[in-house]
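J.: Dropping the structure in here first, questions after.
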Amino acid sequence: MNQSIDLKKMVTESRNPNSEHIDNLSTIDMLKVINNEDKKVALAVEKELDHIALAVDAISQAFMQGGRLIYSGAGTSGRLGILDASECPPTYGTKPEMVMGLIAGGHTAIFKAVENAEDNALLGMNDLKAIEFNQHDVLVGIAASGRTPYVIGGLEYANQLGATTIALSCNPDSTIAKIAKIAITPVVGAEVVTGSSRMKAGTAQKLVLNMLTTGSMIKIGKVYGNLMVDVEATNKKLIERQVNIVIEATGCSREQAESALSECNRHCKTAIVMILTQLSANEAKELLIKNHGFIRKAIKQ
């Protein structure tokens, strides 16, 4: 794809007047400049909440129908997608393929830049083909600039399949925003270090990705109150967290929580339903299945 690049037209590449003399400041004053700029990020994200809500609803609907959430990006944007995806299995007990992150250049690019990978639109399409992306899945294309060919190639391919496409960029009227069906565009302004979009733009992207997965997981029943009731006990900390979650959700004693978890093979949801309904592990499990994993619906039966 031949695509001219005019960096002067990009907000993310503009020069920030508030940091023009940052190299001549004391350490504390330098950090104050960075901190003051960071304060603007959440406000920029706030302006996009309506669009983020549309995305969360589309993602959660896809999940309920067996679809997946796929992130596609290059450089910092790709790494942020991989980070968000990798946190879903331990936090919400999801299968690794339910939320996946793709990065231009593959596994190597997670740790260091792969030359020219982000400029290959065909690679963006082929990476989706390799995971058998289909119309039931949702693709979130992440690019601070909004013009990364790798992301564009992926979004265009996903559109051809009839899948839901979402663009996350930090420049107004970006190319990917025009391609995707839902556009999320937190405009955070010029970076403290000109063009270093890993800073405010990256922070904005991280905040939005947090919302996309957290909101979607809540809507499919993986949170009860504000408790991560599908957390997997993969280490000592998470084993203890499970016990605390059951106690918080039911008001039971530690002994009751540990007993219930032991009886249901350490499945938090089942333990909670067991205690709240006085049912056996098998009965509680069946009740949860009947109610698609939603604790509130299960305990009202």
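Labeling convention for the structure tokens: chains A, B, ... as they appear, residues from 1 per chain, ligands from 1 in order of appearance.
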Show me, as a PyMOL selection string, the residues that have an atom within 7 Å of A:Cys264 when counting only C-alpha atoms, minus same-chain residues fewer than 6 positions from it.

T.: chain A and resi 270-271+281

J.: Got a sec: who's within 9 Å of stretch 15-30 of chain A, counting only C-alpha atoms, leaving out chain neighbours fewer than 4 positions off, as a count of residues only?

T.: 11

J.: Any idea what's packed within 12 Å of stretch 277-279 of chain A, counting only C-alpha atoms, ignoring anything in its chain fewer than 3 positions away? Could you give it as a VMD selection string?

T.: chain A and resid 250 252 256 260 263 to 264 270 to 274 282 to 288 295 to 301

J.: Atom CA of A:Phe111 to atom CA of A:Tyr71: how many Å, to one decimal?

T.: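 Computing it gives 17.3 Å between the two atoms.
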
J.: Excluding A:Glu97 and its own-chain neighbours fewer than 3 positions away, which residues fall within 12 Å of it when counting only C-alpha atoms? Please give them as a list of chain:residue names.

T.: A:Phe63, A:Gly66, A:Gly67, A:Arg68, A:Leu69, A:Ile70, A:Tyr71, A:Ile82, A:Ala85, A:Ser86, A:Cys88, A:Pro89, A:Gly93, A:Thr94, A:Met100, A:Gly101, A:Leu102, A:Ile131, A:Glu132, A:Phe133, A:Asp137

J.: Store the residues picked out above in a file with N, CA and C atoms, as a PDB file, in the first residue's frame.

T.:
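New file result_12.pdb:
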ATOM      1  N   PHE A  63     -19.395 -12.213  22.182  1.00  0.00           N
ATOM      2  CA  PHE A  63     -18.998 -13.230  23.159  1.00  0.00           C
ATOM      3  C   PHE A  63     -20.150 -14.197  23.447  1.00  0.00           C
ATOM      4  N   GLY A  66     -20.486 -16.819  20.881  1.00  0.00           N
ATOM      5  CA  GLY A  66     -19.318 -17.638  20.582  1.00  0.00           C
ATOM      6  C   GLY A  66     -18.228 -16.947  19.784  1.00  0.00           C
ATOM      7  N   GLY A  67     -18.361 -15.638  19.553  1.00  0.00           N
ATOM      8  CA  GLY A  67     -17.354 -14.897  18.803  1.00  0.00           C
ATOM      9  C   GLY A  67     -16.168 -14.513  19.668  1.00  0.00           C
ATOM     10  N   ARG A  68     -15.149 -13.964  19.029  1.00  0.00           N
ATOM     11  CA  ARG A  68     -13.920 -13.579  19.719  1.00  0.00           C
ATOM     12  C   ARG A  68     -13.665 -12.076  19.576  1.00  0.00           C
ATOM     13  N   LEU A  69     -12.812 -11.556  20.437  1.00  0.00           N
ATOM     14  CA  LEU A  69     -12.327 -10.182  20.342  1.00  0.00           C
ATOM     15  C   LEU A  69     -10.869 -10.243  19.923  1.00  0.00           C
ATOM     16  N   ILE A  70     -10.570  -9.601  18.811  1.00  0.00           N
ATOM     17  CA  ILE A  70      -9.207  -9.616  18.283  1.00  0.00           C
ATOM     18  C   ILE A  70      -8.687  -8.187  18.199  1.00  0.00           C
ATOM     19  N   TYR A  71      -7.511  -7.966  18.767  1.00  0.00           N
ATOM     20  CA  TYR A  71      -6.836  -6.681  18.653  1.00  0.00           C
ATOM     21  C   TYR A  71      -5.781  -6.761  17.557  1.00  0.00           C
ATOM     22  N   ILE A  82      -1.930  -6.839  23.057  1.00  0.00           N
ATOM     23  CA  ILE A  82      -1.466  -8.130  23.581  1.00  0.00           C
ATOM     24  C   ILE A  82      -1.526  -8.135  25.106  1.00  0.00           C
ATOM     25  N   ALA A  85      -5.190  -8.498  26.178  1.00  0.00           N
ATOM     26  CA  ALA A  85      -5.676  -9.849  25.889  1.00  0.00           C
ATOM     27  C   ALA A  85      -5.102 -10.869  26.854  1.00  0.00           C
ATOM     28  N   SER A  86      -3.822 -10.721  27.186  1.00  0.00           N
ATOM     29  CA  SER A  86      -3.153 -11.713  28.036  1.00  0.00           C
ATOM     30  C   SER A  86      -3.671 -11.703  29.463  1.00  0.00           C
ATOM     31  N   CYS A  88      -6.861 -11.417  30.305  1.00  0.00           N
ATOM     32  CA  CYS A  88      -8.239 -11.926  30.407  1.00  0.00           C
ATOM     33  C   CYS A  88      -8.341 -13.352  30.961  1.00  0.00           C
ATOM     34  N   PRO A  89      -7.508 -14.302  30.545  1.00  0.00           N
ATOM     35  CA  PRO A  89      -7.634 -15.658  31.104  1.00  0.00           C
ATOM     36  C   PRO A  89      -7.466 -15.741  32.619  1.00  0.00           C
ATOM     37  N   GLY A  93     -11.088 -16.064  33.686  1.00  0.00           N
ATOM     38  CA  GLY A  93     -11.236 -17.484  33.397  1.00  0.00           C
ATOM     39  C   GLY A  93     -11.594 -17.780  31.955  1.00  0.00           C
ATOM     40  N   THR A  94     -11.203 -16.908  31.038  1.00  0.00           N
ATOM     41  CA  THR A  94     -11.524 -17.113  29.626  1.00  0.00           C
ATOM     42  C   THR A  94     -10.487 -18.017  28.962  1.00  0.00           C
ATOM     43  N   MET A 100      -7.641 -12.064  21.768  1.00  0.00           N
ATOM     44  CA  MET A 100      -6.295 -12.252  21.242  1.00  0.00           C
ATOM     45  C   MET A 100      -5.725 -10.936  20.730  1.00  0.00           C
ATOM     46  N   GLY A 101      -4.412 -10.795  20.832  1.00  0.00           N
ATOM     47  CA  GLY A 101      -3.742  -9.626  20.301  1.00  0.00           C
ATOM     48  C   GLY A 101      -2.805  -9.997  19.170  1.00  0.00           C
ATOM     49  N   LEU A 102      -2.934  -9.297  18.058  1.00  0.00           N
ATOM     50  CA  LEU A 102      -2.037  -9.490  16.917  1.00  0.00           C
ATOM     51  C   LEU A 102      -1.155  -8.252  16.772  1.00  0.00           C
ATOM     52  N   ILE A 131      -5.616 -16.981  11.980  1.00  0.00           N
ATOM     53  CA  ILE A 131      -6.381 -17.370  13.169  1.00  0.00           C
ATOM     54  C   ILE A 131      -7.848 -17.659  12.814  1.00  0.00           C
ATOM     55  N   GLU A 132      -8.119 -17.765  11.513  1.00  0.00           N
ATOM     56  CA  GLU A 132      -9.466 -18.068  11.013  1.00  0.00           C
ATOM     57  C   GLU A 132     -10.494 -17.054  11.506  1.00  0.00           C
ATOM     58  N   PHE A 133     -10.131 -15.797  11.431  1.00  0.00           N
ATOM     59  CA  PHE A 133     -11.054 -14.719  11.779  1.00  0.00           C
ATOM     60  C   PHE A 133     -12.293 -14.818  10.902  1.00  0.00           C
ATOM     61  N   ASP A 137     -16.621 -12.679  14.800  1.00  0.00           N
ATOM     62  CA  ASP A 137     -15.619 -12.059  15.652  1.00  0.00           C
ATOM     63  C   ASP A 137     -15.697 -10.532  15.568  1.00  0.00           C
TER      64      ASP A 137
END

J.: Which is closer to A:Leu207 than all the others in A:Val45, A:Met10, A:Leu122, A:Ala249, using only C-alpha atoms?

T.: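 Looking at the shortest contact to A:Leu207, the residue is A:Val45.
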
J.: Taking 5 positions as the minimum chain separation for residues in the same chain, which residues sit within 12 Å of A:Lys222 when counting only C-alpha atoms? Answer as an mmCIF file with N, CA and C atoms, in the first residue's frame.

T.:
data_model
loop_
_atom_site.group_PDB
_atom_site.id
_atom_site.type_symbol
_atom_site.label_atom_id
_atom_site.label_comp_id
_atom_site.auth_asym_id
_atom_site.auth_seq_id
_atom_site.Cartn_x
_atom_site.Cartn_y
_atom_site.Cartn_z
ATOM 1 N N SER A 60 -19.631 -7.742 23.740
ATOM 2 C CA SER A 60 -20.323 -8.669 24.646
ATOM 3 C C SER A 60 -21.346 -9.510 23.894
ATOM 4 N N PHE A 63 -19.395 -12.213 22.182
ATOM 5 C CA PHE A 63 -18.998 -13.230 23.159
ATOM 6 C C PHE A 63 -20.150 -14.197 23.447
ATOM 7 N N MET A 64 -21.335 -13.664 23.642
ATOM 8 C CA MET A 64 -22.500 -14.492 23.973
ATOM 9 C C MET A 64 -22.856 -15.450 22.838
ATOM 10 N N CYS A 88 -6.861 -11.417 30.305
ATOM 11 C CA CYS A 88 -8.239 -11.926 30.407
ATOM 12 C C CYS A 88 -8.341 -13.352 30.961
ATOM 13 N N PRO A 89 -7.508 -14.302 30.545
ATOM 14 C CA PRO A 89 -7.634 -15.658 31.104
ATOM 15 C C PRO A 89 -7.466 -15.741 32.619
ATOM 16 N N PRO A 90 -6.420 -15.141 33.210
ATOM 17 C CA PRO A 90 -6.308 -15.256 34.674
ATOM 18 C C PRO A 90 -7.369 -14.456 35.419
ATOM 19 N N THR A 91 -7.789 -13.325 34.857
ATOM 20 C CA THR A 91 -8.748 -12.464 35.553
ATOM 21 C C THR A 91 -10.170 -12.973 35.442
ATOM 22 N N TYR A 92 -10.527 -13.448 34.242
ATOM 23 C CA TYR A 92 -11.921 -13.814 33.988
ATOM 24 C C TYR A 92 -12.137 -15.279 33.611
ATOM 25 N N GLY A 93 -11.088 -16.064 33.686
ATOM 26 C CA GLY A 93 -11.236 -17.484 33.397
ATOM 27 C C GLY A 93 -11.594 -17.780 31.955
ATOM 28 N N THR A 94 -11.203 -16.908 31.038
ATOM 29 C CA THR A 94 -11.524 -17.113 29.626
ATOM 30 C C THR A 94 -10.487 -18.017 28.962
ATOM 31 N N THR A 213 -12.635 -4.651 27.531
ATOM 32 C CA THR A 213 -12.685 -6.004 28.082
ATOM 33 C C THR A 213 -13.420 -6.053 29.411
ATOM 34 N N THR A 214 -13.173 -5.083 30.285
ATOM 35 C CA THR A 214 -13.851 -5.094 31.582
ATOM 36 C C THR A 214 -15.357 -4.962 31.400
ATOM 37 N N GLY A 215 -15.766 -4.001 30.584
ATOM 38 C CA GLY A 215 -17.197 -3.815 30.335
ATOM 39 C C GLY A 215 -17.840 -5.037 29.720
ATOM 40 N N SER A 216 -17.170 -5.646 28.770
ATOM 41 C CA SER A 216 -17.711 -6.831 28.098
ATOM 42 C C SER A 216 -17.804 -8.013 29.042
ATOM 43 N N MET A 217 -16.783 -8.201 29.868
ATOM 44 C CA MET A 217 -16.799 -9.318 30.819
ATOM 45 C C MET A 217 -17.901 -9.141 31.862
ATOM 46 N N LEU A 227 -16.801 -8.074 41.986
ATOM 47 C CA LEU A 227 -15.890 -9.182 42.268
ATOM 48 C C LEU A 227 -15.630 -10.014 41.014
ATOM 49 N N MET A 228 -14.358 -10.357 40.777
ATOM 50 C CA MET A 228 -13.994 -11.155 39.593
ATOM 51 C C MET A 228 -14.242 -12.638 39.882
ATOM 52 N N VAL A 229 -15.498 -13.021 39.758
ATOM 53 C CA VAL A 229 -15.926 -14.343 40.233
ATOM 54 C C VAL A 229 -15.526 -15.506 39.315
ATOM 55 N N ASP A 230 -14.890 -15.210 38.195
ATOM 56 C CA ASP A 230 -14.381 -16.282 37.335
ATOM 57 C C ASP A 230 -12.859 -16.370 37.391
ATOM 58 N N VAL A 231 -12.253 -15.741 38.395
ATOM 59 C CA VAL A 231 -10.799 -15.752 38.506
ATOM 60 C C VAL A 231 -10.297 -17.186 38.673
ATOM 61 N N GLU A 232 -9.191 -17.503 37.989
ATOM 62 C CA GLU A 232 -8.598 -18.827 38.084
ATOM 63 C C GLU A 232 -7.486 -18.827 39.123
ATOM 64 N N CYS A 268 -15.121 -20.389 41.688
ATOM 65 C CA CYS A 268 -15.670 -19.347 42.556
ATOM 66 C C CYS A 268 -17.183 -19.198 42.427
ATOM 67 N N LYS A 269 -17.658 -19.105 41.203
ATOM 68 C CA LYS A 269 -19.097 -18.913 40.988
ATOM 69 C C LYS A 269 -19.910 -20.028 41.645
ATOM 70 N N LEU A 288 -26.098 -22.635 37.454
ATOM 71 C CA LEU A 288 -25.316 -21.629 36.741
ATOM 72 C C LEU A 288 -25.368 -21.847 35.233
ATOM 73 N N HIS A 292 -26.737 -19.277 32.235
ATOM 74 C CA HIS A 292 -25.642 -18.766 31.391
ATOM 75 C C HIS A 292 -24.520 -18.117 32.203
ATOM 76 N N GLY A 293 -24.290 -18.611 33.428
ATOM 77 C CA GLY A 293 -23.177 -18.149 34.232
ATOM 78 C C GLY A 293 -23.430 -16.888 35.036
ATOM 79 N N PHE A 294 -24.652 -16.388 35.019
ATOM 80 C CA PHE A 294 -24.968 -15.176 35.776
ATOM 81 C C PHE A 294 -25.400 -15.554 37.195
ATOM 82 N N ILE A 295 -24.631 -15.155 38.185
ATOM 83 C CA ILE A 295 -24.933 -15.498 39.577
ATOM 84 C C ILE A 295 -26.267 -14.896 40.018
ATOM 85 N N ARG A 296 -26.489 -13.630 39.699
ATOM 86 C CA ARG A 296 -27.730 -12.986 40.155
ATOM 87 C C ARG A 296 -28.971 -13.721 39.662
#
